[in-house]
file my_file31.cif (mmCIF, C-alpha atoms and all ligand atoms)
data_model
loop_
_atom_site.label_atom_id
_atom_site.label_comp_id
_atom_site.auth_asym_id
_atom_site.auth_seq_id
_atom_site.Cartn_x
_atom_site.Cartn_y
_atom_site.Cartn_z
CA MET A 251 63.22 -70.82 9.72
CA ALA A 252 65.26 -67.82 10.93
CA ASP A 253 64.05 -64.69 9.21
CA ASP A 254 67.08 -62.43 9.67
CA ALA A 255 66.79 -61.45 6.00
CA VAL A 256 63.48 -59.66 6.69
CA THR A 257 64.06 -55.90 6.95
CA ALA A 258 60.54 -54.72 7.86
CA SER A 259 57.02 -56.02 8.42
CA TRP A 260 53.59 -54.75 9.48
CA ALA A 261 50.23 -56.19 10.52
CA HIS A 262 46.61 -55.17 11.16
CA GLY A 263 44.02 -57.33 12.93
CA PRO A 264 40.77 -58.87 11.61
CA CYS A 265 38.31 -56.60 9.73
CA THR A 266 35.02 -56.86 7.88
CA TRP A 267 36.70 -55.43 4.81
CA SER A 268 40.27 -54.33 4.15
CA ILE A 269 42.66 -53.50 1.34
CA LEU A 270 46.46 -53.36 1.21
CA VAL A 271 48.52 -52.26 -1.81
CA HIS A 272 52.24 -52.19 -2.59
CA GLY A 273 54.36 -50.16 -4.98
CA GLY A 274 57.20 -52.64 -5.28
CA ALA A 275 60.09 -53.93 -3.23
CA GLY A 276 63.40 -52.30 -4.09
CA ASP A 277 65.76 -49.51 -3.17
CA VAL A 278 63.90 -46.27 -3.88
CA ALA A 279 65.97 -43.10 -3.39
CA ALA A 280 65.00 -41.25 -0.20
CA GLU A 281 63.76 -38.18 -2.08
CA ARG A 282 61.36 -40.30 -4.16
CA VAL A 283 59.93 -42.37 -1.28
CA PRO A 284 57.16 -39.83 -0.45
CA LEU A 285 55.96 -39.95 -4.09
CA HIS A 286 55.73 -43.75 -3.94
CA VAL A 287 53.89 -43.73 -0.60
CA ALA A 288 51.45 -41.07 -1.85
CA GLY A 289 50.77 -43.15 -4.97
CA CYS A 290 50.03 -46.19 -2.81
CA GLU A 291 47.72 -44.12 -0.58
CA ARG A 292 45.72 -42.95 -3.64
CA ALA A 293 45.45 -46.52 -4.91
CA ALA A 294 44.36 -47.93 -1.53
CA ALA A 295 41.75 -45.16 -1.22
CA ALA A 296 40.37 -45.97 -4.68
CA GLY A 297 40.10 -49.67 -3.82
CA ALA A 298 38.60 -48.87 -0.42
CA ALA A 299 35.90 -46.77 -2.10
CA VAL A 300 34.83 -49.89 -4.03
CA LEU A 301 34.67 -51.94 -0.80
CA GLN A 302 32.93 -49.16 1.14
CA ALA A 303 30.20 -49.11 -1.51
CA GLY A 304 29.67 -52.86 -1.10
CA GLY A 305 31.76 -53.85 -4.12
CA SER A 306 33.76 -57.05 -4.42
CA ALA A 307 37.36 -57.65 -3.40
CA LEU A 308 38.02 -58.50 -7.06
CA ASP A 309 36.78 -55.11 -8.31
CA ALA A 310 38.66 -53.36 -5.49
CA VAL A 311 42.07 -54.87 -6.29
CA GLN A 312 41.59 -54.22 -10.02
CA ARG A 313 40.72 -50.56 -9.35
CA ALA A 314 43.68 -50.11 -6.98
CA VAL A 315 46.13 -51.61 -9.47
CA GLU A 316 44.75 -49.48 -12.32
CA VAL A 317 45.55 -46.38 -10.24
CA LEU A 318 49.11 -47.63 -9.68
CA GLU A 319 49.51 -48.51 -13.40
CA ASP A 320 48.50 -44.94 -14.30
CA ASP A 321 51.09 -43.47 -11.91
CA PRO A 322 54.43 -43.05 -13.75
CA CYS A 323 56.33 -43.53 -10.46
CA PHE A 324 55.84 -47.26 -10.66
CA ASN A 325 57.18 -50.04 -12.86
CA ALA A 326 53.76 -51.00 -14.24
CA GLY A 327 51.58 -49.59 -17.01
CA THR A 328 52.82 -46.04 -17.68
CA GLY A 329 56.39 -45.85 -16.38
CA ALA A 330 57.12 -49.54 -16.91
CA CYS A 331 60.78 -50.47 -17.31
CA LEU A 332 62.35 -51.22 -20.70
CA ASN A 333 63.70 -54.49 -22.02
CA ALA A 334 67.05 -54.92 -23.78
CA ASP A 335 65.47 -53.73 -27.04
CA GLY A 336 64.22 -50.53 -25.40
CA ALA A 337 60.61 -51.76 -25.50
CA ILE A 338 57.88 -52.18 -22.88
CA GLU A 339 56.61 -55.73 -22.29
CA LEU A 340 53.99 -56.00 -19.55
CA ASP A 341 52.99 -58.79 -17.15
CA ALA A 342 49.85 -58.82 -14.95
CA SER A 343 47.45 -61.20 -13.22
CA ILE A 344 44.35 -61.18 -11.04
CA MET A 345 42.71 -63.91 -8.95
CA ASP A 346 39.34 -64.37 -7.22
CA GLY A 347 39.62 -66.37 -3.99
CA SER A 348 35.97 -67.40 -3.90
CA THR A 349 36.05 -69.27 -7.23
CA LEU A 350 39.80 -69.74 -7.76
CA ARG A 351 39.28 -68.19 -11.20
CA ALA A 352 42.27 -66.22 -12.47
CA GLY A 353 43.45 -64.30 -15.53
CA GLY A 354 46.81 -63.07 -16.71
CA VAL A 355 48.76 -61.53 -19.57
CA CYS A 356 52.50 -61.69 -20.14
CA ALA A 357 55.06 -60.18 -22.51
CA LEU A 358 52.23 -57.87 -23.59
CA ALA A 359 52.84 -54.89 -25.90
CA PRO A 360 52.04 -51.44 -24.46
CA PHE A 361 48.44 -51.11 -23.23
CA LYS A 362 47.54 -48.58 -20.54
CA ASN A 363 46.00 -51.02 -18.04
CA PRO A 364 47.20 -54.61 -18.39
CA ILE A 365 45.37 -55.57 -15.18
CA ALA A 366 42.04 -54.82 -16.90
CA ILE A 367 43.07 -57.13 -19.75
CA ALA A 368 44.06 -59.84 -17.25
CA ARG A 369 40.58 -59.48 -15.71
CA ARG A 370 39.04 -59.86 -19.18
CA VAL A 371 41.09 -63.01 -19.78
CA MET A 372 39.53 -64.35 -16.58
CA ASP A 373 35.98 -63.24 -17.40
CA ALA A 374 35.77 -63.66 -21.19
CA SER A 375 38.18 -66.38 -22.27
CA ARG A 376 38.55 -70.11 -21.69
CA HIS A 377 42.10 -69.58 -20.46
CA VAL A 378 44.11 -68.33 -17.50
CA LEU A 379 47.18 -66.82 -19.20
CA LEU A 380 47.71 -65.26 -22.64
CA ALA A 381 51.14 -64.24 -23.96
CA GLY A 382 52.67 -61.81 -26.43
CA GLU A 383 50.92 -61.09 -29.71
CA GLY A 384 48.08 -63.47 -28.85
CA ALA A 385 47.39 -61.49 -25.69
CA ALA A 386 47.53 -58.22 -27.64
CA ARG A 387 45.12 -59.57 -30.27
CA PHE A 388 42.71 -60.73 -27.55
CA ALA A 389 42.89 -57.31 -25.88
CA GLN A 390 42.11 -55.49 -29.13
CA GLU A 391 39.23 -57.86 -29.91
CA GLN A 392 37.89 -57.04 -26.44
CA GLY A 393 38.00 -53.31 -27.19
CA PHE A 394 41.26 -52.31 -25.47
CA ALA A 395 43.35 -49.84 -27.48
CA ARG A 396 47.05 -50.42 -28.06
CA ALA A 397 48.97 -47.48 -26.60
CA ASP A 398 51.53 -45.40 -28.41
CA PRO A 399 54.72 -46.67 -26.72
CA SER A 400 56.07 -43.13 -26.39
CA SER A 401 53.05 -42.21 -24.25
CA MET A 402 54.05 -44.84 -21.66
CA ILE A 403 57.86 -44.61 -21.67
CA THR A 404 59.24 -42.19 -19.08
CA ASP A 405 62.64 -40.45 -18.94
CA LEU A 406 63.36 -42.44 -15.78
CA ALA A 407 62.76 -45.74 -17.59
CA ARG A 408 65.12 -44.65 -20.40
CA ALA A 409 67.77 -43.61 -17.85
CA ARG A 410 67.48 -46.93 -15.99
CA LEU A 411 67.97 -48.90 -19.19
CA ALA A 412 70.98 -46.78 -20.17
CA ALA A 413 72.52 -47.31 -16.72
CA ALA A 414 71.91 -51.06 -16.82
CA GLN A 415 73.37 -51.38 -20.32
CA ALA A 416 76.41 -49.32 -19.31
CA LYS A 417 76.71 -51.61 -16.25
CA ARG A 418 76.36 -48.58 -13.97
CA ALA A 419 73.40 -50.18 -12.20
CA THR A 420 72.46 -53.65 -11.12
CA GLU A 421 71.12 -55.46 -14.12
CA GLY A 422 68.22 -57.71 -13.45
CA TRP A 423 66.50 -55.86 -10.66
CA ALA A 424 62.72 -55.59 -10.99
CA GLY A 425 61.76 -52.87 -8.50
CA GLY A 426 58.48 -51.00 -8.63
CA THR A 427 56.07 -53.82 -9.41
CA VAL A 428 52.60 -52.99 -8.05
CA GLY A 429 49.93 -55.11 -6.40
CA ALA A 430 46.85 -55.19 -4.20
CA VAL A 431 45.08 -57.65 -1.92
CA ALA A 432 41.63 -57.24 -0.37
CA ARG A 433 38.86 -58.91 1.60
CA ASP A 434 35.29 -57.70 1.05
CA ALA A 435 32.33 -57.63 3.44
CA GLY A 436 31.15 -60.94 1.99
CA GLY A 437 34.37 -62.63 3.13
CA ARG A 438 35.81 -62.98 -0.38
CA VAL A 439 39.52 -62.29 -0.95
CA ALA A 440 41.27 -61.28 -4.18
CA ALA A 441 44.74 -60.32 -5.39
CA ALA A 442 46.18 -58.48 -8.39
CA THR A 443 49.74 -57.75 -9.54
CA SER A 444 51.17 -55.77 -12.49
CA THR A 445 54.70 -55.01 -13.68
CA GLY A 446 57.02 -54.05 -16.48
CA GLY A 447 59.34 -56.74 -15.13
CA MET A 448 63.08 -56.40 -15.07
CA VAL A 449 65.22 -53.60 -16.53
CA ASN A 450 67.20 -54.77 -19.59
CA LYS A 451 65.45 -58.17 -19.60
CA LEU A 452 65.61 -60.27 -22.74
CA ALA A 453 62.64 -59.73 -25.05
CA GLY A 454 60.08 -62.38 -24.13
CA ARG A 455 61.23 -62.79 -20.52
CA VAL A 456 58.27 -63.43 -18.20
CA GLY A 457 58.52 -62.90 -14.45
CA ASP A 458 56.43 -64.00 -11.50
CA SER A 459 53.75 -61.32 -11.65
CA PRO A 460 51.47 -62.98 -14.24
CA ILE A 461 52.04 -66.47 -12.81
CA VAL A 462 49.28 -67.74 -10.52
CA GLY A 463 50.97 -69.04 -7.36
CA ALA A 464 54.17 -67.04 -7.86
CA GLY A 465 53.20 -63.36 -8.17
CA THR A 466 49.50 -63.58 -7.33
CA TYR A 467 47.32 -65.99 -5.39
CA ALA A 468 43.90 -65.85 -3.70
CA ASP A 469 41.86 -68.48 -1.89
CA ASP A 470 39.03 -67.70 0.54
CA ALA A 471 40.18 -70.68 2.61
CA THR A 472 43.56 -69.05 3.27
CA ALA A 473 44.52 -65.58 1.99
CA ALA A 474 45.16 -63.31 -0.97
CA CYS A 475 48.81 -62.53 -1.74
CA SER A 476 50.69 -60.24 -4.15
CA THR A 477 54.47 -60.43 -4.33
CA THR A 478 57.23 -58.17 -5.62
CA GLY A 479 60.95 -58.48 -6.19
CA HIS A 480 63.19 -60.95 -7.96
CA GLY A 481 60.75 -62.78 -10.23
CA GLU A 482 62.92 -65.77 -11.08
CA ALA A 483 63.30 -66.61 -7.37
CA MET A 484 59.58 -66.15 -6.74
CA ILE A 485 58.64 -68.51 -9.55
CA ARG A 486 61.01 -71.16 -8.19
CA VAL A 487 59.41 -71.17 -4.72
CA CYS A 488 55.80 -70.40 -5.80
CA LEU A 489 55.97 -67.52 -3.35
CA ALA A 490 52.37 -66.24 -3.41
CA LYS A 491 50.84 -69.71 -2.91
CA THR A 492 53.46 -70.57 -0.28
CA ALA A 493 52.68 -67.38 1.68
CA SER A 494 48.89 -67.84 1.36
CA ASP A 495 49.11 -71.44 2.55
CA ALA A 496 51.24 -70.36 5.52
CA THR A 497 48.25 -68.42 6.91
CA ARG A 498 46.61 -71.76 7.78
CA THR A 499 48.88 -71.87 10.83
CA ALA A 500 50.24 -68.31 11.18
CA GLY A 501 49.05 -64.71 11.02
CA ALA A 502 49.44 -62.78 7.76
CA GLU A 503 52.54 -60.86 8.86
CA HIS A 504 54.30 -64.00 10.05
CA ALA A 505 53.32 -65.86 6.87
CA ALA A 506 54.88 -63.07 4.77
CA ARG A 507 58.04 -63.05 6.89
CA ALA A 508 58.45 -66.83 6.87
CA SER A 509 57.90 -67.26 3.13
CA LEU A 510 60.34 -64.47 2.23
CA ALA A 511 62.92 -65.90 4.63
CA MET A 512 62.51 -69.33 3.03
CA MET A 513 62.94 -67.84 -0.48
CA HIS A 514 66.05 -65.95 0.59
CA ALA A 515 67.54 -69.02 2.26
CA ARG A 516 66.79 -71.35 -0.65
CA THR A 517 67.47 -69.09 -3.66
CA GLY A 518 69.15 -65.88 -2.43
CA GLY A 519 66.23 -63.92 -3.95
CA THR A 520 64.85 -60.82 -2.24
CA GLY A 521 61.51 -59.04 -2.40
CA GLY A 522 58.28 -58.39 -0.57
CA ALA A 523 54.80 -59.81 -0.06
CA ILE A 524 51.44 -58.44 1.05
CA LEU A 525 48.61 -60.61 2.39
CA ALA A 526 44.90 -60.23 3.19
CA ALA A 527 43.86 -63.26 5.22
CA ARG A 528 40.41 -64.87 5.27
CA ASP A 529 39.48 -62.97 8.47
CA GLY A 530 40.38 -59.61 6.89
CA SER A 531 43.63 -59.26 8.80
CA LEU A 532 46.53 -57.79 6.83
CA GLY A 533 50.26 -58.41 6.85
CA LEU A 534 53.34 -57.55 4.84
CA ALA A 535 57.09 -58.06 4.92
CA ARG A 536 60.10 -57.19 2.79
CA THR A 537 63.72 -58.27 2.53
CA THR A 538 64.69 -55.17 0.53
CA ARG A 539 65.55 -51.64 1.67
CA THR A 540 62.17 -50.20 0.64
CA MET A 541 58.66 -51.32 -0.31
CA SER A 542 56.01 -48.60 -0.46
CA TRP A 543 52.56 -49.68 0.74
CA ALA A 544 49.22 -48.37 2.01
CA ALA A 545 46.20 -49.92 3.70
CA VAL A 546 42.59 -48.94 4.46
CA THR A 547 40.24 -50.92 6.71
CA ASP A 548 36.51 -50.82 7.50
CA ASP A 549 37.10 -49.06 10.84
CA GLY A 550 38.36 -46.07 8.85
CA SER A 551 41.98 -46.57 9.79
CA ARG A 552 44.63 -45.83 7.22
CA ALA A 553 48.29 -46.78 7.34
CA SER A 554 51.18 -46.44 4.92
CA GLY A 555 54.93 -46.71 4.76
CA ALA A 556 57.94 -47.74 2.76
N1 LIG A 601 58.67 -59.30 -9.75
C1 LIG A 601 58.60 -58.76 -11.04
C2 LIG A 601 59.45 -59.44 -12.01
O1 LIG A 601 60.44 -60.06 -11.67
O2 LIG A 601 59.12 -59.40 -13.17
#

call {"tool": "encode", "arguments": {"input": "my_file31.cif", "output": "structure tokens", "more": "lines below"}}
Ligand code: GLY
result
Amino acid sequence: MADDAVTASWAHGPCTWSILVHGGAGDVAAERVPLHVAGCERAAAAGAAVLQAGGSALDAVQRAVEVLEDDPCFNAGTGACLNADGAIELDASIMDGSTLRAGGVCALAPFKNPIAIARRVMDASRHVLLAGEGAARFAQEQGFARADPSSMITDLARARLAAAQAKRATEGWAGGTVGAVARDAGGRVAAATSTGGMVNKLAGRVGDSPIVGAGTYADDATAACSTTGHGEAMIRVCLAKTASDATRTAGAEHAARASLAMMHARTGGTGGAILAARDGSLGLARTTRTMSWAAVTDDGSRASGA
């Protein structure tokens, strides 16, 4: 399929261990791009420290996403966008490619690190995905503290909601989602994704990020993938699973390009995807104007961009 819609892509060859993070596909203003890239670099370094110490890909992607959730630049955790009621509702998921176990939360009330709760759903429940008040109750029973909403809502999030409601900005865009993919020295891959979703979304709207196969996917036989962008489109084409499966016959960069081109052609949706393939090679692509990202590999090389 022609991939004229793809605006940028990047690749790195096979590695013993590697990690790649993104700070969301979108249209970040030029003066804010360096902040987003620096945030991605900090997150990739934190995940790489886990891998360098012999930790698992699963722990590495969780750590990287926690760093991004704590950074108010991004639409995840602190800084998450607001729904039509002016409230934060959070979506997140994590997946382990060696076992195909996964956990997710959606339409979750404010908690500082929804990715840690998604991990707990995977590790300590019988389920894959918990929603709304049930997810919040589970989190509190597991020892996570509900956050004071005002401690997580930024002036930028308030301004974006006001602009969307005044129709001064595109309603329905979900920029700034965060995610990470990694391969560890044991050959295991993992992926994690977290978001506040879409500005001015209806209360209860759930996007792709907590949905296994749409926003997040990991399988040691193929690749780990985290996606970002227009969630409704990504759900409809199961973007993360589609991109992971494409690495059976293509490199990670090409798999990201081809799957985004297919989504654009079939649905008109735009976004980005990052992949860590089973051999540790990395690839990303976007069909938007910007997508901040950063990578660290076992040979000590670091790369970043937007
Ligand atoms: N991709 C994030 C969302 O649509 O919620």

call {"tool": "residues_near_ligand", "arguments": {"input": "my_file31.cif", "ligand": "ligand LIG 601 (chain A)", "cutoff": "8 Å", "atoms": "only C-alpha atoms and all ligand atoms", "output": "PyMOL selection string"}}
result
chain A and resi 341+423-425+427+445-448+456-459+465+477-482+484+521

call {"tool": "closest_residue", "arguments": {"input": "my_file31.cif", "among": "A:Ala409, A:Val311, A:Val355, A:Met345", "to": "Leu332 in chain A", "atoms": "all atoms listed in the file"}}
result
A:Ala409

call {"tool": "atom_distance", "arguments": {"input": "my_file31.cif", "atom1": "CA of Cys290 in chain A", "atom2": "CA of Gly273 in chain A"}}
result
6.3 Å

call {"tool": "atom_distance", "arguments": {"input": "my_file31.cif", "atom1": "CA of Leu489 in chain A", "atom2": "CA of Ala381 in chain A"}}
result
21.4 Å

call {"tool": "residues_around", "arguments": {"input": "my_file31.cif", "residues": "Ala407 in chain A", "least_positions_apart": "4", "cutoff": "8 Å", "atoms": "only C-alpha atoms", "output": "JSON list (two decimals) with C-alpha atoms, in the coordinates of the input"}}
result
[["chain", "number", "residue", "atom", "x", "y", "z"],
["A", 329, "GLY", "CA", 56.39, -45.85, -16.38],
["A", 330, "ALA", "CA", 57.12, -49.54, -16.91],
["A", 331, "CYS", "CA", 60.78, -50.47, -17.31],
["A", 332, "LEU", "CA", 62.35, -51.22, -20.70],
["A", 403, "ILE", "CA", 57.86, -44.61, -21.67],
["A", 411, "LEU", "CA", 67.97, -48.90, -19.19]]

call {"tool": "atom_distance", "arguments": {"input": "my_file31.cif", "atom1": "CA of Ser343 in chain A", "atom2": "CA of Asp309 in chain A"}}
result
13.2 Å

call {"tool": "closest_residue", "arguments": {"input": "my_file31.cif", "among": "A:Gly518, A:Pro460, A:Gly382, A:Gly437", "to": "Ile365 in chain A", "atoms": "all atoms listed in the file"}}
result
A:Pro460

call {"tool": "closest_residue", "arguments": {"input": "my_file31.cif", "among": "A:Ala342, A:Ala385, A:Ala357, A:Cys475", "to": "Arg528 in chain A", "atoms": "only C-alpha atoms"}}
result
A:Cys475

call {"tool": "residues_around", "arguments": {"input": "my_file31.cif", "residues": "Leu525 in chain A", "least_positions_apart": "4", "cutoff": "6 Å", "atoms": "all atoms listed in the file", "output": "JSON list (two decimals) with C-alpha atoms, keeping the file's coordinate frame"}}
result
[["chain", "number", "residue", "atom", "x", "y", "z"],
["A", 474, "ALA", "CA", 45.16, -63.31, -0.97],
["A", 475, "CYS", "CA", 48.81, -62.53, -1.74],
["A", 502, "ALA", "CA", 49.44, -62.78, 7.76],
["A", 532, "LEU", "CA", 46.53, -57.79, 6.83],
["A", 533, "GLY", "CA", 50.26, -58.41, 6.85]]

call {"tool": "residues_near_point", "arguments": {"input": "my_file31.cif", "point": "(64.2, -50.5, 0.5)", "cutoff": "12 Å", "atoms": "all atoms listed in the file", "output": "number ranges by chain"}}
result
A: 256-258, 273-280, 282-283, 286, 425-426, 479, 520-522, 535-543, 555-556

call {"tool": "closest_residue", "arguments": {"input": "my_file31.cif", "among": "A:Ser259, A:Thr517, A:Thr547, A:Ser444", "to": "Glu339 in chain A", "atoms": "all atoms listed in the file"}}
result
A:Ser444

call {"tool": "residues_around", "arguments": {"input": "my_file31.cif", "residues": "Lys491 in chain A", "least_positions_apart": "6", "cutoff": "10 Å", "atoms": "only C-alpha atoms", "output": "PyMOL selection string"}}
result
chain A and resi 462-469+472-476+509

call {"tool": "residues_near_point", "arguments": {"input": "my_file31.cif", "point": "(51.8, -62.3, 7.6)", "cutoff": "10 Å", "atoms": "all atoms listed in the file", "output": "number ranges by chain"}}
result
A: 259-262, 473, 475, 493-494, 496-497, 500-509, 523-527, 531-535

call {"tool": "closest_residue", "arguments": {"input": "my_file31.cif", "among": "A:Ile269, A:Cys488, A:Ala544, A:Leu285", "to": "Pro322 in chain A", "atoms": "only C-alpha atoms"}}
result
A:Leu285

call {"tool": "closest_residue", "arguments": {"input": "my_file31.cif", "among": "A:Ala307, A:Phe361, A:Gly297, A:Ile338", "to": "Gly454 in chain A", "atoms": "all atoms listed in the file"}}
result
A:Ile338

call {"tool": "axis_aligned_box", "arguments": {"input": "my_file31.cif", "around": "range 329-333 of chain A", "padding_each_side": "4 Å", "output": "JSON"}}
result
{"center_x": 60.0, "center_y": -50.2, "center_z": -19.2, "size_x": 15.3, "size_y": 16.6, "size_z": 13.6}

call {"tool": "residues_around", "arguments": {"input": "my_file31.cif", "residues": "range 386-391 of chain A", "least_positions_apart": "2", "cutoff": "7 Å", "atoms": "all atoms listed in the file", "output": "list of chain:residue names"}}
result
A:Leu358, A:Ala359, A:Ile367, A:Gly382, A:Glu383, A:Gly384, A:Gly393, A:Phe394, A:Ala395

call {"tool": "build_atoms", "arguments": {"input": "my_file31.cif", "residues": "range 304-313 of chain A", "atoms": "all heavy atoms", "output": "PDB file, in the coordinates of the input"}}
result
ATOM      1  N   GLY A 304      30.221 -51.500  -1.040  1.00  0.00           N
ATOM      2  CA  GLY A 304      29.670 -52.860  -1.100  1.00  0.00           C
ATOM      3  C   GLY A 304      30.183 -53.669  -2.275  1.00  0.00           C
ATOM      4  O   GLY A 304      29.688 -54.764  -2.551  1.00  0.00           O
ATOM      5  N   GLY A 305      31.195 -53.143  -2.966  1.00  0.00           N
ATOM      6  CA  GLY A 305      31.760 -53.850  -4.120  1.00  0.00           C
ATOM      7  C   GLY A 305      32.613 -55.043  -3.689  1.00  0.00           C
ATOM      8  O   GLY A 305      32.894 -55.248  -2.506  1.00  0.00           O
ATOM      9  N   SER A 306      33.022 -55.801  -4.689  1.00  0.00           N
ATOM     10  CA  SER A 306      33.760 -57.050  -4.420  1.00  0.00           C
ATOM     11  C   SER A 306      35.252 -56.778  -4.226  1.00  0.00           C
ATOM     12  O   SER A 306      35.816 -55.785  -4.732  1.00  0.00           O
ATOM     13  CB  SER A 306      33.577 -58.017  -5.580  1.00  0.00           C
ATOM     14  OG  SER A 306      34.233 -57.519  -6.732  1.00  0.00           O
ATOM     15  N   ALA A 307      35.903 -57.713  -3.532  1.00  0.00           N
ATOM     16  CA  ALA A 307      37.360 -57.650  -3.400  1.00  0.00           C
ATOM     17  C   ALA A 307      38.012 -57.655  -4.774  1.00  0.00           C
ATOM     18  O   ALA A 307      39.012 -56.967  -5.006  1.00  0.00           O
ATOM     19  CB  ALA A 307      37.853 -58.829  -2.555  1.00  0.00           C
ATOM     20  N   LEU A 308      37.446 -58.409  -5.709  1.00  0.00           N
ATOM     21  CA  LEU A 308      38.020 -58.500  -7.060  1.00  0.00           C
ATOM     22  C   LEU A 308      37.999 -57.134  -7.755  1.00  0.00           C
ATOM     23  O   LEU A 308      39.012 -56.702  -8.327  1.00  0.00           O
ATOM     24  CB  LEU A 308      37.208 -59.529  -7.859  1.00  0.00           C
ATOM     25  CG  LEU A 308      37.802 -59.999  -9.165  1.00  0.00           C
ATOM     26  CD1 LEU A 308      39.125 -60.720  -8.953  1.00  0.00           C
ATOM     27  CD2 LEU A 308      36.808 -60.916  -9.877  1.00  0.00           C
ATOM     28  N   ASP A 309      36.854 -56.445  -7.694  1.00  0.00           N
ATOM     29  CA  ASP A 309      36.780 -55.110  -8.310  1.00  0.00           C
ATOM     30  C   ASP A 309      37.700 -54.130  -7.579  1.00  0.00           C
ATOM     31  O   ASP A 309      38.292 -53.240  -8.209  1.00  0.00           O
ATOM     32  CB  ASP A 309      35.345 -54.588  -8.271  1.00  0.00           C
ATOM     33  CG  ASP A 309      34.454 -55.291  -9.284  1.00  0.00           C
ATOM     34  OD1 ASP A 309      34.980 -55.911 -10.232  1.00  0.00           O
ATOM     35  OD2 ASP A 309      33.210 -55.215  -9.125  1.00  0.00           O
ATOM     36  N   ALA A 310      37.827 -54.294  -6.270  1.00  0.00           N
ATOM     37  CA  ALA A 310      38.660 -53.360  -5.490  1.00  0.00           C
ATOM     38  C   ALA A 310      40.136 -53.491  -5.867  1.00  0.00           C
ATOM     39  O   ALA A 310      40.831 -52.482  -6.050  1.00  0.00           O
ATOM     40  CB  ALA A 310      38.471 -53.611  -4.000  1.00  0.00           C
ATOM     41  N   VAL A 311      40.633 -54.729  -5.974  1.00  0.00           N
ATOM     42  CA  VAL A 311      42.070 -54.870  -6.290  1.00  0.00           C
ATOM     43  C   VAL A 311      42.347 -54.435  -7.729  1.00  0.00           C
ATOM     44  O   VAL A 311      43.402 -53.867  -8.016  1.00  0.00           O
ATOM     45  CB  VAL A 311      42.604 -56.298  -6.018  1.00  0.00           C
ATOM     46  CG1 VAL A 311      42.560 -56.613  -4.529  1.00  0.00           C
ATOM     47  CG2 VAL A 311      41.903 -57.365  -6.843  1.00  0.00           C
ATOM     48  N   GLN A 312      41.389 -54.691  -8.636  1.00  0.00           N
ATOM     49  CA  GLN A 312      41.590 -54.220 -10.020  1.00  0.00           C
ATOM     50  C   GLN A 312      41.673 -52.696 -10.050  1.00  0.00           C
ATOM     51  O   GLN A 312      42.565 -52.127 -10.671  1.00  0.00           O
ATOM     52  CB  GLN A 312      40.458 -54.700 -10.931  1.00  0.00           C
ATOM     53  CG  GLN A 312      40.632 -54.186 -12.357  1.00  0.00           C
ATOM     54  CD  GLN A 312      39.547 -54.632 -13.314  1.00  0.00           C
ATOM     55  OE1 GLN A 312      38.855 -55.610 -13.066  1.00  0.00           O
ATOM     56  NE2 GLN A 312      39.395 -53.902 -14.402  1.00  0.00           N
ATOM     57  N   ARG A 313      40.742 -52.033  -9.351  1.00  0.00           N
ATOM     58  CA  ARG A 313      40.720 -50.560  -9.350  1.00  0.00           C
ATOM     59  C   ARG A 313      42.022 -50.005  -8.757  1.00  0.00           C
ATOM     60  O   ARG A 313      42.626 -49.065  -9.285  1.00  0.00           O
ATOM     61  CB  ARG A 313      39.510 -50.069  -8.551  1.00  0.00           C
ATOM     62  CG  ARG A 313      39.355 -48.598  -8.507  1.00  0.00           C
ATOM     63  CD  ARG A 313      38.939 -48.037  -9.886  1.00  0.00           C
ATOM     64  NE  ARG A 313      39.279 -46.621  -9.986  1.00  0.00           N
ATOM     65  CZ  ARG A 313      40.179 -46.113 -10.851  1.00  0.00           C
ATOM     66  NH1 ARG A 313      40.806 -46.878 -11.715  1.00  0.00           N
ATOM     67  NH2 ARG A 313      40.418 -44.817 -10.872  1.00  0.00           N
TER      68      ARG A 313
END
